[in-house]
$ cat my_file.txt   # compact mmCIF, C-alpha atoms
# COMPACT_ATOMS: atom_id res chain seq x y z
CA MET Z 1168 64.98 110.33 -136.91
CA THR Z 1169 61.65 111.84 -137.93
CA ILE Z 1170 60.91 115.55 -137.62
CA GLN Z 1171 57.36 116.94 -137.69
CA THR Z 1172 56.78 120.51 -138.79
CA VAL Z 1173 54.31 122.28 -136.51
CA SER Z 1174 54.49 125.65 -138.27
CA THR Z 1175 56.70 127.79 -140.50
CA ASN Z 1176 56.61 131.52 -141.17
CA THR Z 1177 58.78 133.76 -143.31
CA SER Z 1178 60.53 136.48 -141.33
CA TYR Z 1179 63.30 138.86 -142.45
CA GLY Z 1180 63.79 136.66 -145.50
CA GLY Z 1181 64.41 133.55 -143.41
CA VAL Z 1182 62.19 130.83 -141.95
CA GLN Z 1183 60.92 130.71 -138.39
CA GLY Z 1184 59.87 127.14 -137.75
CA VAL Z 1185 58.42 125.18 -134.86
CA TYR Z 1186 59.05 121.45 -134.88
CA ARG Z 1187 58.29 118.29 -132.91
CA HIS Z 1188 60.15 115.02 -132.54
CA ALA Z 1189 60.20 111.96 -130.30
CA SER Z 1190 63.00 112.28 -127.77
CA ALA Z 1191 64.90 109.23 -126.60
CA SER Z 1192 66.25 111.23 -123.65
CA THR Z 1193 62.92 112.28 -122.17
CA GLY Z 1194 60.70 109.50 -123.52
CA THR Z 1195 58.27 112.16 -124.75
CA ASP Z 1196 57.62 114.28 -127.79
CA MET Z 1197 59.60 117.52 -127.59
CA VAL Z 1198 58.85 120.79 -129.36
CA PHE Z 1199 61.51 123.34 -130.30
CA SER Z 1200 61.84 126.39 -132.53
CA VAL Z 1201 64.51 127.18 -135.13
CA TYR Z 1202 65.07 130.39 -137.05
CA VAL Z 1203 67.14 129.90 -140.22
CA PRO Z 1204 68.17 133.20 -141.84
CA PRO Z 1205 68.37 133.69 -145.61
CA HIS Z 1206 71.53 132.05 -146.95
CA PRO Z 1207 72.95 130.52 -150.12
CA ASP Z 1208 72.18 126.85 -150.75
CA GLY Z 1209 74.75 124.50 -149.30
CA VAL Z 1210 76.21 127.01 -146.83
CA LYS Z 1211 76.56 125.92 -143.20
CA LEU Z 1212 75.72 128.62 -140.67
CA PRO Z 1213 76.83 129.36 -137.10
CA VAL Z 1214 74.25 128.53 -134.46
CA VAL Z 1215 73.13 130.22 -131.25
CA TRP Z 1216 71.35 128.10 -128.63
CA TYR Z 1217 68.90 129.87 -126.34
CA LEU Z 1218 67.74 128.25 -123.09
CA SER Z 1219 64.57 129.62 -121.52
CA GLY Z 1220 63.59 130.19 -117.91
CA LEU Z 1221 61.01 128.92 -115.43
CA THR Z 1222 57.45 128.43 -116.75
CA CYS Z 1223 58.58 129.03 -120.34
CA THR Z 1224 58.41 126.94 -123.49
CA HIS Z 1225 60.14 127.54 -126.83
CA ALA Z 1226 57.39 130.06 -127.55
CA ASN Z 1227 58.38 132.81 -125.12
CA VAL Z 1228 61.61 133.84 -126.81
CA THR Z 1229 60.28 132.92 -130.25
CA GLU Z 1230 57.40 135.37 -129.89
CA LYS Z 1231 58.97 138.04 -127.64
CA GLY Z 1232 62.75 137.80 -127.97
CA GLU Z 1233 63.14 140.10 -131.01
CA PHE Z 1234 66.14 138.22 -132.38
CA ARG Z 1235 65.23 137.50 -136.01
CA ASP Z 1236 66.24 140.79 -137.59
CA THR Z 1237 69.72 140.58 -136.05
CA CYS Z 1238 70.12 136.88 -136.86
CA ALA Z 1239 69.10 137.56 -140.45
CA GLU Z 1240 71.62 140.39 -140.70
CA LEU Z 1241 74.43 138.34 -139.15
CA GLY Z 1242 73.59 135.00 -140.76
CA MET Z 1243 73.07 132.99 -137.55
CA ILE Z 1244 70.66 130.16 -136.78
CA PHE Z 1245 68.75 130.61 -133.49
CA ILE Z 1246 67.47 127.51 -131.67
CA ALA Z 1247 65.11 127.49 -128.67
CA PRO Z 1248 64.33 124.15 -126.98
CA ASP Z 1249 61.58 123.58 -124.42
CA THR Z 1250 62.36 123.73 -120.68
CA SER Z 1251 61.04 120.33 -119.60
CA PRO Z 1252 59.39 117.16 -120.86
CA ARG Z 1253 55.62 117.33 -121.25
CA GLY Z 1254 52.76 114.97 -121.93
CA GLU Z 1255 50.54 112.38 -120.31
CA ASN Z 1256 52.06 110.65 -117.28
CA VAL Z 1257 54.93 113.17 -117.00
CA PRO Z 1258 55.04 114.09 -113.30
CA GLY Z 1259 54.92 117.70 -112.18
CA ASP Z 1260 55.24 119.46 -108.87
CA PRO Z 1261 52.91 117.75 -106.34
CA ALA Z 1262 51.77 121.19 -105.18
CA ASN Z 1263 51.45 122.50 -108.76
CA ALA Z 1264 54.07 125.18 -108.03
CA TYR Z 1265 55.69 127.00 -110.95
CA ASP Z 1266 59.31 126.42 -109.90
CA PHE Z 1267 59.53 122.63 -110.15
CA GLY Z 1268 58.33 119.96 -112.57
CA LEU Z 1269 56.64 120.98 -115.81
CA GLY Z 1270 58.33 124.03 -117.30
CA ALA Z 1271 61.13 123.80 -114.74
CA GLY Z 1272 63.51 121.04 -115.82
CA PHE Z 1273 66.61 123.02 -114.71
CA TYR Z 1274 68.71 121.40 -117.46
CA VAL Z 1275 69.73 118.40 -115.34
CA ASP Z 1276 69.32 114.64 -115.69
CA ALA Z 1277 67.11 113.65 -112.76
CA THR Z 1278 68.08 110.64 -110.69
CA GLU Z 1279 65.17 110.71 -108.22
CA ALA Z 1280 61.81 108.99 -108.67
CA PRO Z 1281 59.42 109.74 -110.25
CA PHE Z 1282 61.36 112.32 -112.27
CA ALA Z 1283 64.27 110.20 -113.48
CA ARG Z 1284 62.12 108.59 -116.19
CA ASN Z 1285 61.49 111.81 -118.15
CA TYR Z 1286 63.46 114.72 -116.71
CA ARG Z 1287 66.69 114.28 -118.64
CA MET Z 1288 67.03 117.78 -119.99
CA TRP Z 1289 70.83 117.83 -119.75
CA SER Z 1290 71.12 114.86 -122.10
CA TYR Z 1291 68.45 116.31 -124.35
CA VAL Z 1292 69.90 119.82 -124.70
CA ALA Z 1293 73.61 119.00 -124.55
CA ALA Z 1294 73.64 115.80 -126.62
CA GLU Z 1295 70.45 114.58 -128.32
CA LEU Z 1296 69.00 117.79 -129.74
CA PRO Z 1297 72.31 119.12 -131.21
CA LYS Z 1298 72.76 115.85 -133.09
CA PHE Z 1299 69.16 115.93 -134.29
CA ILE Z 1300 69.43 119.57 -135.40
CA ALA Z 1301 72.60 118.83 -137.37
CA GLU Z 1302 70.74 116.15 -139.30
CA HIS Z 1303 67.93 118.49 -140.37
CA PHE Z 1304 69.28 122.05 -140.53
CA PRO Z 1305 72.32 123.73 -142.16
CA VAL Z 1306 74.33 124.21 -138.96
CA ASP Z 1307 78.10 124.48 -138.67
CA ARG Z 1308 78.78 122.43 -135.54
CA ALA Z 1309 82.24 123.97 -135.27
CA ARG Z 1310 80.65 127.38 -134.69
CA GLN Z 1311 78.20 127.17 -131.81
CA SER Z 1312 77.40 129.48 -128.92
CA ILE Z 1313 74.88 129.45 -126.08
CA LEU Z 1314 72.88 131.92 -124.04
CA GLY Z 1315 69.87 131.81 -121.75
CA HIS Z 1316 67.60 133.58 -119.29
CA SER Z 1317 67.21 132.92 -115.55
CA MET Z 1318 66.98 129.10 -115.21
CA GLY Z 1319 68.15 129.02 -118.82
CA GLY Z 1320 71.05 131.31 -117.95
CA HIS Z 1321 72.03 128.73 -115.35
CA GLY Z 1322 71.79 126.05 -118.03
CA ALA Z 1323 73.79 128.02 -120.58
CA LEU Z 1324 76.64 128.79 -118.18
CA THR Z 1325 76.90 125.25 -116.82
CA ILE Z 1326 76.79 123.65 -120.27
CA ALA Z 1327 79.46 126.05 -121.52
CA LEU Z 1328 81.68 125.40 -118.51
CA ARG Z 1329 81.41 121.64 -118.99
CA HIS Z 1330 81.88 121.82 -122.77
CA PRO Z 1331 84.36 124.67 -123.27
CA ASP Z 1332 85.63 123.25 -126.57
CA ARG Z 1333 82.15 123.07 -128.11
CA TYR Z 1334 80.96 126.65 -127.63
CA ARG Z 1335 82.81 129.73 -128.79
CA ALA Z 1336 80.72 132.11 -126.66
CA ALA Z 1337 78.36 132.03 -123.69
CA SER Z 1338 76.18 134.77 -122.24
CA ALA Z 1339 73.15 135.10 -120.00
CA PHE Z 1340 70.30 137.33 -118.97
CA ALA Z 1341 69.60 137.29 -115.22
CA PRO Z 1342 71.09 133.82 -114.64
CA ILE Z 1343 70.68 131.72 -111.51
CA VAL Z 1344 74.44 131.48 -111.04
CA ALA Z 1345 74.60 129.42 -107.83
CA PRO Z 1346 71.50 127.20 -107.61
CA SER Z 1347 73.02 125.27 -104.70
CA GLN Z 1348 72.71 128.43 -102.60
CA VAL Z 1349 69.29 129.86 -103.53
CA PRO Z 1350 65.67 128.70 -102.98
CA TRP Z 1351 64.78 127.96 -106.62
CA GLY Z 1352 67.91 125.88 -107.10
CA ILE Z 1353 67.83 124.07 -103.78
CA LYS Z 1354 64.25 122.93 -104.45
CA ALA Z 1355 65.07 121.79 -107.99
CA LEU Z 1356 68.41 120.11 -107.33
CA SER Z 1357 67.19 118.26 -104.26
CA GLY Z 1358 64.01 117.18 -106.04
CA TYR Z 1359 65.77 115.98 -109.18
CA LEU Z 1360 69.16 114.85 -107.85
CA GLY Z 1361 68.54 114.00 -104.19
CA THR Z 1362 70.14 115.29 -101.02
CA ASP Z 1363 73.80 114.53 -101.84
CA LYS Z 1364 75.02 118.05 -102.53
CA VAL Z 1365 78.22 116.79 -104.17
CA SER Z 1366 76.10 115.76 -107.17
CA TRP Z 1367 74.72 119.30 -107.38
CA ARG Z 1368 78.08 120.91 -108.04
CA LYS Z 1369 78.29 119.97 -111.72
CA HIS Z 1370 75.03 121.90 -112.23
CA ASP Z 1371 76.14 125.05 -110.41
CA SER Z 1372 78.22 127.63 -112.30
CA VAL Z 1373 79.96 128.99 -109.22
CA ALA Z 1374 80.74 125.49 -107.91
CA LEU Z 1375 82.01 124.37 -111.33
CA ILE Z 1376 84.43 127.31 -111.44
CA GLU Z 1377 85.53 126.60 -107.86
CA ASP Z 1378 86.16 122.98 -108.91
CA GLY Z 1379 88.35 124.00 -111.85
CA ALA Z 1380 86.02 124.45 -114.84
CA ARG Z 1381 86.99 127.30 -117.14
CA PHE Z 1382 85.60 129.24 -120.11
CA THR Z 1383 87.11 131.97 -122.24
CA GLU Z 1384 84.77 134.79 -121.12
CA PHE Z 1385 81.17 135.54 -120.18
CA LEU Z 1386 78.74 138.37 -120.87
CA VAL Z 1387 75.97 138.67 -118.26
CA ASP Z 1388 73.21 141.27 -118.08
CA ILE Z 1389 71.22 141.82 -114.90
CA GLY Z 1390 68.28 144.16 -114.44
CA ALA Z 1391 68.87 146.44 -111.47
CA ALA Z 1392 65.13 146.37 -110.75
CA ASP Z 1393 64.85 142.58 -111.01
CA PRO Z 1394 62.75 141.39 -108.03
CA PHE Z 1395 64.71 138.12 -107.90
CA LEU Z 1396 68.14 139.74 -107.86
CA THR Z 1397 69.18 139.40 -104.22
CA GLU Z 1398 67.45 136.14 -103.25
CA GLN Z 1399 67.60 133.95 -106.38
CA LEU Z 1400 70.16 135.28 -108.87
CA ARG Z 1401 73.13 136.37 -106.72
CA PRO Z 1402 75.35 137.67 -109.57
CA GLU Z 1403 78.00 138.79 -107.07
CA LEU Z 1404 78.82 135.11 -106.45
CA LEU Z 1405 79.64 134.57 -110.13
CA GLN Z 1406 81.64 137.79 -110.16
CA ALA Z 1407 83.73 136.62 -107.20
CA ALA Z 1408 84.28 133.15 -108.66
CA CYS Z 1409 85.31 134.49 -112.06
CA SER Z 1410 87.63 137.05 -110.50
CA LYS Z 1411 89.38 134.38 -108.44
CA ALA Z 1412 89.68 132.06 -111.47
CA ASN Z 1413 90.77 134.85 -113.86
CA ILE Z 1414 87.77 134.25 -116.14
CA PRO Z 1415 86.86 137.51 -117.94
CA LEU Z 1416 83.30 138.47 -116.98
CA ASN Z 1417 81.45 141.48 -118.31
CA LEU Z 1418 78.68 141.81 -115.71
CA ARG Z 1419 76.38 144.67 -116.67
CA ARG Z 1420 73.72 145.96 -114.27
CA GLN Z 1421 71.07 147.64 -116.39
CA PRO Z 1422 69.26 150.46 -114.53
CA SER Z 1423 65.46 150.17 -114.16
CA TYR Z 1424 65.16 146.85 -116.01
CA ASP Z 1425 63.35 143.87 -114.46
CA HIS Z 1426 63.25 140.10 -115.15
CA SER Z 1427 60.89 140.20 -118.14
CA TYR Z 1428 61.20 139.87 -121.90
CA TYR Z 1429 61.07 143.66 -122.13
CA PHE Z 1430 64.55 143.45 -120.57
CA ILE Z 1431 65.71 140.52 -122.69
CA SER Z 1432 64.50 141.95 -125.99
CA THR Z 1433 66.16 145.29 -125.26
CA PHE Z 1434 69.62 143.76 -125.06
CA MET Z 1435 69.17 140.70 -127.29
CA ALA Z 1436 70.79 142.33 -130.33
CA GLU Z 1437 73.86 143.33 -128.30
CA HIS Z 1438 74.27 139.75 -127.10
CA LEU Z 1439 73.86 138.35 -130.60
CA ARG Z 1440 76.45 140.74 -132.01
CA TRP Z 1441 78.81 139.77 -129.20
CA HIS Z 1442 78.26 136.11 -130.09
CA ALA Z 1443 78.68 136.75 -133.80
CA ALA Z 1444 82.06 138.39 -133.30
CA ARG Z 1445 83.29 135.19 -131.64
CA LEU Z 1446 81.51 132.76 -133.92
CA LYS Z 1447 82.97 134.38 -137.02
CA ALA Z 1448 86.47 135.03 -135.66
$ encode --input "my_file.txt" --output "structure tokens"
Amino acid sequence: MTIQTVSTNTSYGGVQGVYRHASASTGTDMVFSVYVPPHPDGVKLPVVWYLSGLTCTHANVTEKGEFRDTCAELGMIFIAPDTSPRGENVPGDPANAYDFGLGAGFYVDATEAPFARNYRMWSYVAAELPKFIAEHFPVDRARQSILGHSMGGHGALTIALRHPDRYRAASAFAPIVAPSQVPWGIKALSGYLGTDKVSWRKHDSVALIEDGARFTEFLVDIGAADPFLTEQLRPELLQAACSKANIPLNLRRQPSYDHSYYFISTFMAEHLRWHAARLKA
């Protein structure tokens, strides 16, 4: 499969690249970023996947996440996919709202028209892109972890819960932990998957845990001043589900922090070190 280089820049001795390829899953070109730290030739490196939130592209974390110095120090590849398909004839929200359609793929495979043709972000992120990355970058597929923010936190937790043998660690910043129960998630899941709420459960972290999915442990940071905390994020639901299922959860409420990349960048290095300890164990 062909990869097109959009840009490369040297950073902390490694290479920050942005790339494009034709996706079979979405039927569109997809852009993603990869940071490869300095490393000896022929060495395979552990990889951290980062899933972004509503309205974002690969660029938000790439430009504002402040991860490269830590990844260079720890020898970890950092990959940031886009959040939805894009391009001509890709449908968006009919009302042009920010929380559905373009930039808001919710990491599901849509089954409802007109979205089913392109909105297959689950297949793209969980299957197609990892295979493509392994063909073009020095990744050790036996040492992978995943994290994300908001909608991407939802994606990271659900992917980890459904693939517990693939990822050694999973963490999140301000995740939407129970999309079946909050406005953002209800709009997205009904729009992409239809009204049968049984089909929603495999894309809901709390529901997955209730239905028997398990993971070794989670690290979750929430900003205590996050304006979406009580209506959209509902971290107490994940805390209750993990407690009942005996899944270790380190849920940290960070005083004064909000939902922004000022919050994410502040704690990014701590998350990456937490991932590294498990990736290199």
$ closest_residue --input "my_file.txt" --among "Z:Val1349, Z:Asn1256, Z:His1370, Z:Phe1395" --to "Z:Arg1284" --atoms "only C-alpha atoms"
Z:Asn1256
$ closest_residue --input "my_file.txt" --among "Z:Met1288, Z:Leu1360, Z:Ala1448, Z:Leu1405" --to "Z:Ile1343" --atoms "only C-alpha atoms"
Z:Leu1405
$ closest_residue --input "my_file.txt" --among "Z:Ile1244, Z:Lys1354, Z:Ser1372, Z:Leu1446" --to "Z:Ala1336" --atoms "all atoms listed in the file"
Z:Leu1446
$ atom_distance --input "my_file.txt" --atom1 "atom CA of Z:Asp1208" --atom2 "atom CA of Z:Val1306"
12.3 Å
$ residues_around --input "my_file.txt" --residues "Z:Thr1224" --least-positions-apart "3" --cutoff "12 Å" --atoms "all atoms listed in the file" --output "list in words"
Val1185, Met1197, Val1198, Phe1199, Ser1200, Tyr1217, Leu1218, Ser1219, Gly1220, Leu1221, Asn1227, Val1228, Thr1229, Glu1230, Lys1231, Ala1247, Pro1248, Asp1249, Thr1250, Ser1251, Pro1252, Arg1253, Leu1269, Gly1270, Ala1271, Gly1272 and Gly1319 of chain Z
$ build_atoms --input "my_file.txt" --residues "stretch 1331-1366 of chain Z" --atoms "N, CA and C atoms" --output "PDB file, keeping the file's coordinate frame"
ATOM      1  N   PRO Z1331      83.715 123.438-122.812  1.00  0.00           N
ATOM      2  CA  PRO Z1331      84.360 124.670-123.270  1.00  0.00           C
ATOM      3  C   PRO Z1331      84.905 124.595-124.696  1.00  0.00           C
ATOM      4  N   ASP Z1332      85.127 123.389-125.205  1.00  0.00           N
ATOM      5  CA  ASP Z1332      85.630 123.250-126.570  1.00  0.00           C
ATOM      6  C   ASP Z1332      84.520 123.248-127.613  1.00  0.00           C
ATOM      7  N   ARG Z1333      83.281 123.136-127.178  1.00  0.00           N
ATOM      8  CA  ARG Z1333      82.150 123.070-128.110  1.00  0.00           C
ATOM      9  C   ARG Z1333      81.610 124.456-128.442  1.00  0.00           C
ATOM     10  N   TYR Z1334      81.602 125.350-127.458  1.00  0.00           N
ATOM     11  CA  TYR Z1334      80.960 126.650-127.630  1.00  0.00           C
ATOM     12  C   TYR Z1334      82.008 127.754-127.675  1.00  0.00           C
ATOM     13  N   ARG Z1335      81.863 128.621-128.656  1.00  0.00           N
ATOM     14  CA  ARG Z1335      82.810 129.730-128.790  1.00  0.00           C
ATOM     15  C   ARG Z1335      82.425 130.926-127.923  1.00  0.00           C
ATOM     16  N   ALA Z1336      81.172 130.983-127.483  1.00  0.00           N
ATOM     17  CA  ALA Z1336      80.720 132.110-126.660  1.00  0.00           C
ATOM     18  C   ALA Z1336      79.587 131.650-125.772  1.00  0.00           C
ATOM     19  N   ALA Z1337      79.456 132.313-124.614  1.00  0.00           N
ATOM     20  CA  ALA Z1337      78.360 132.030-123.690  1.00  0.00           C
ATOM     21  C   ALA Z1337      77.981 133.307-122.975  1.00  0.00           C
ATOM     22  N   SER Z1338      76.670 133.580-122.933  1.00  0.00           N
ATOM     23  CA  SER Z1338      76.180 134.770-122.240  1.00  0.00           C
ATOM     24  C   SER Z1338      74.865 134.437-121.563  1.00  0.00           C
ATOM     25  N   ALA Z1339      74.379 135.373-120.740  1.00  0.00           N
ATOM     26  CA  ALA Z1339      73.150 135.100-120.000  1.00  0.00           C
ATOM     27  C   ALA Z1339      72.443 136.392-119.626  1.00  0.00           C
ATOM     28  N   PHE Z1340      71.132 136.288-119.548  1.00  0.00           N
ATOM     29  CA  PHE Z1340      70.300 137.330-118.970  1.00  0.00           C
ATOM     30  C   PHE Z1340      69.813 136.838-117.608  1.00  0.00           C
ATOM     31  N   ALA Z1341      70.113 137.584-116.557  1.00  0.00           N
ATOM     32  CA  ALA Z1341      69.600 137.290-115.220  1.00  0.00           C
ATOM     33  C   ALA Z1341      69.742 135.818-114.830  1.00  0.00           C
ATOM     34  N   PRO Z1342      70.937 135.242-114.922  1.00  0.00           N
ATOM     35  CA  PRO Z1342      71.090 133.820-114.640  1.00  0.00           C
ATOM     36  C   PRO Z1342      71.020 133.494-113.152  1.00  0.00           C
ATOM     37  N   ILE Z1343      70.563 132.281-112.855  1.00  0.00           N
ATOM     38  CA  ILE Z1343      70.680 131.720-111.510  1.00  0.00           C
ATOM     39  C   ILE Z1343      72.078 131.122-111.433  1.00  0.00           C
ATOM     40  N   VAL Z1344      73.034 131.853-110.893  1.00  0.00           N
ATOM     41  CA  VAL Z1344      74.440 131.480-111.040  1.00  0.00           C
ATOM     42  C   VAL Z1344      74.889 130.429-110.027  1.00  0.00           C
ATOM     43  N   ALA Z1345      74.191 130.342-108.897  1.00  0.00           N
ATOM     44  CA  ALA Z1345      74.600 129.420-107.830  1.00  0.00           C
ATOM     45  C   ALA Z1345      73.369 128.712-107.282  1.00  0.00           C
ATOM     46  N   PRO Z1346      72.749 127.822-108.057  1.00  0.00           N
ATOM     47  CA  PRO Z1346      71.500 127.200-107.610  1.00  0.00           C
ATOM     48  C   PRO Z1346      71.626 126.430-106.300  1.00  0.00           C
ATOM     49  N   SER Z1347      72.826 125.973-105.967  1.00  0.00           N
ATOM     50  CA  SER Z1347      73.020 125.270-104.700  1.00  0.00           C
ATOM     51  C   SER Z1347      72.796 126.163-103.485  1.00  0.00           C
ATOM     52  N   GLN Z1348      72.765 127.488-103.722  1.00  0.00           N
ATOM     53  CA  GLN Z1348      72.710 128.430-102.600  1.00  0.00           C
ATOM     54  C   GLN Z1348      71.438 129.273-102.570  1.00  0.00           C
ATOM     55  N   VAL Z1349      70.485 129.016-103.472  1.00  0.00           N
ATOM     56  CA  VAL Z1349      69.290 129.860-103.530  1.00  0.00           C
ATOM     57  C   VAL Z1349      68.029 128.988-103.556  1.00  0.00           C
ATOM     58  N   PRO Z1350      66.883 129.527-103.128  1.00  0.00           N
ATOM     59  CA  PRO Z1350      65.670 128.700-102.980  1.00  0.00           C
ATOM     60  C   PRO Z1350      65.232 127.968-104.232  1.00  0.00           C
ATOM     61  N   TRP Z1351      65.181 128.652-105.393  1.00  0.00           N
ATOM     62  CA  TRP Z1351      64.780 127.960-106.620  1.00  0.00           C
ATOM     63  C   TRP Z1351      65.672 126.748-106.872  1.00  0.00           C
ATOM     64  N   GLY Z1352      66.978 126.951-106.783  1.00  0.00           N
ATOM     65  CA  GLY Z1352      67.910 125.880-107.100  1.00  0.00           C
ATOM     66  C   GLY Z1352      67.905 124.766-106.090  1.00  0.00           C
ATOM     67  N   ILE Z1353      67.838 125.096-104.826  1.00  0.00           N
ATOM     68  CA  ILE Z1353      67.830 124.070-103.780  1.00  0.00           C
ATOM     69  C   ILE Z1353      66.616 123.152-103.953  1.00  0.00           C
ATOM     70  N   LYS Z1354      65.451 123.752-104.222  1.00  0.00           N
ATOM     71  CA  LYS Z1354      64.250 122.930-104.450  1.00  0.00           C
ATOM     72  C   LYS Z1354      64.436 122.026-105.658  1.00  0.00           C
ATOM     73  N   ALA Z1355      64.939 122.575-106.760  1.00  0.00           N
ATOM     74  CA  ALA Z1355      65.070 121.790-107.990  1.00  0.00           C
ATOM     75  C   ALA Z1355      66.135 120.714-107.873  1.00  0.00           C
ATOM     76  N   LEU Z1356      67.310 121.080-107.386  1.00  0.00           N
ATOM     77  CA  LEU Z1356      68.410 120.110-107.330  1.00  0.00           C
ATOM     78  C   LEU Z1356      68.118 118.995-106.342  1.00  0.00           C
ATOM     79  N   SER Z1357      67.518 119.319-105.215  1.00  0.00           N
ATOM     80  CA  SER Z1357      67.190 118.260-104.260  1.00  0.00           C
ATOM     81  C   SER Z1357      66.078 117.371-104.805  1.00  0.00           C
ATOM     82  N   GLY Z1358      65.103 117.964-105.489  1.00  0.00           N
ATOM     83  CA  GLY Z1358      64.010 117.180-106.040  1.00  0.00           C
ATOM     84  C   GLY Z1358      64.425 116.280-107.183  1.00  0.00           C
ATOM     85  N   TYR Z1359      65.341 116.763-108.020  1.00  0.00           N
ATOM     86  CA  TYR Z1359      65.770 115.980-109.180  1.00  0.00           C
ATOM     87  C   TYR Z1359      66.968 115.083-108.892  1.00  0.00           C
ATOM     88  N   LEU Z1360      67.881 115.557-108.042  1.00  0.00           N
ATOM     89  CA  LEU Z1360      69.160 114.850-107.850  1.00  0.00           C
ATOM     90  C   LEU Z1360      69.331 114.253-106.460  1.00  0.00           C
ATOM     91  N   GLY Z1361      68.427 114.546-105.533  1.00  0.00           N
ATOM     92  CA  GLY Z1361      68.540 114.000-104.190  1.00  0.00           C
ATOM     93  C   GLY Z1361      69.306 114.928-103.257  1.00  0.00           C
ATOM     94  N   THR Z1362      69.584 114.437-102.077  1.00  0.00           N
ATOM     95  CA  THR Z1362      70.140 115.290-101.020  1.00  0.00           C
ATOM     96  C   THR Z1362      71.667 115.330-100.995  1.00  0.00           C
ATOM     97  N   ASP Z1363      72.339 114.509-101.795  1.00  0.00           N
ATOM     98  CA  ASP Z1363      73.800 114.530-101.840  1.00  0.00           C
ATOM     99  C   ASP Z1363      74.257 115.761-102.621  1.00  0.00           C
ATOM    100  N   LYS Z1364      74.693 116.779-101.899  1.00  0.00           N
ATOM    101  CA  LYS Z1364      75.020 118.050-102.530  1.00  0.00           C
ATOM    102  C   LYS Z1364      76.265 117.986-103.399  1.00  0.00           C
ATOM    103  N   VAL Z1365      77.062 116.943-103.276  1.00  0.00           N
ATOM    104  CA  VAL Z1365      78.220 116.790-104.170  1.00  0.00           C
ATOM    105  C   VAL Z1365      77.737 116.656-105.613  1.00  0.00           C
ATOM    106  N   SER Z1366      76.629 115.952-105.814  1.00  0.00           N
ATOM    107  CA  SER Z1366      76.100 115.760-107.170  1.00  0.00           C
ATOM    108  C   SER Z1366      75.537 117.052-107.747  1.00  0.00           C
TER     109      SER Z1366
END
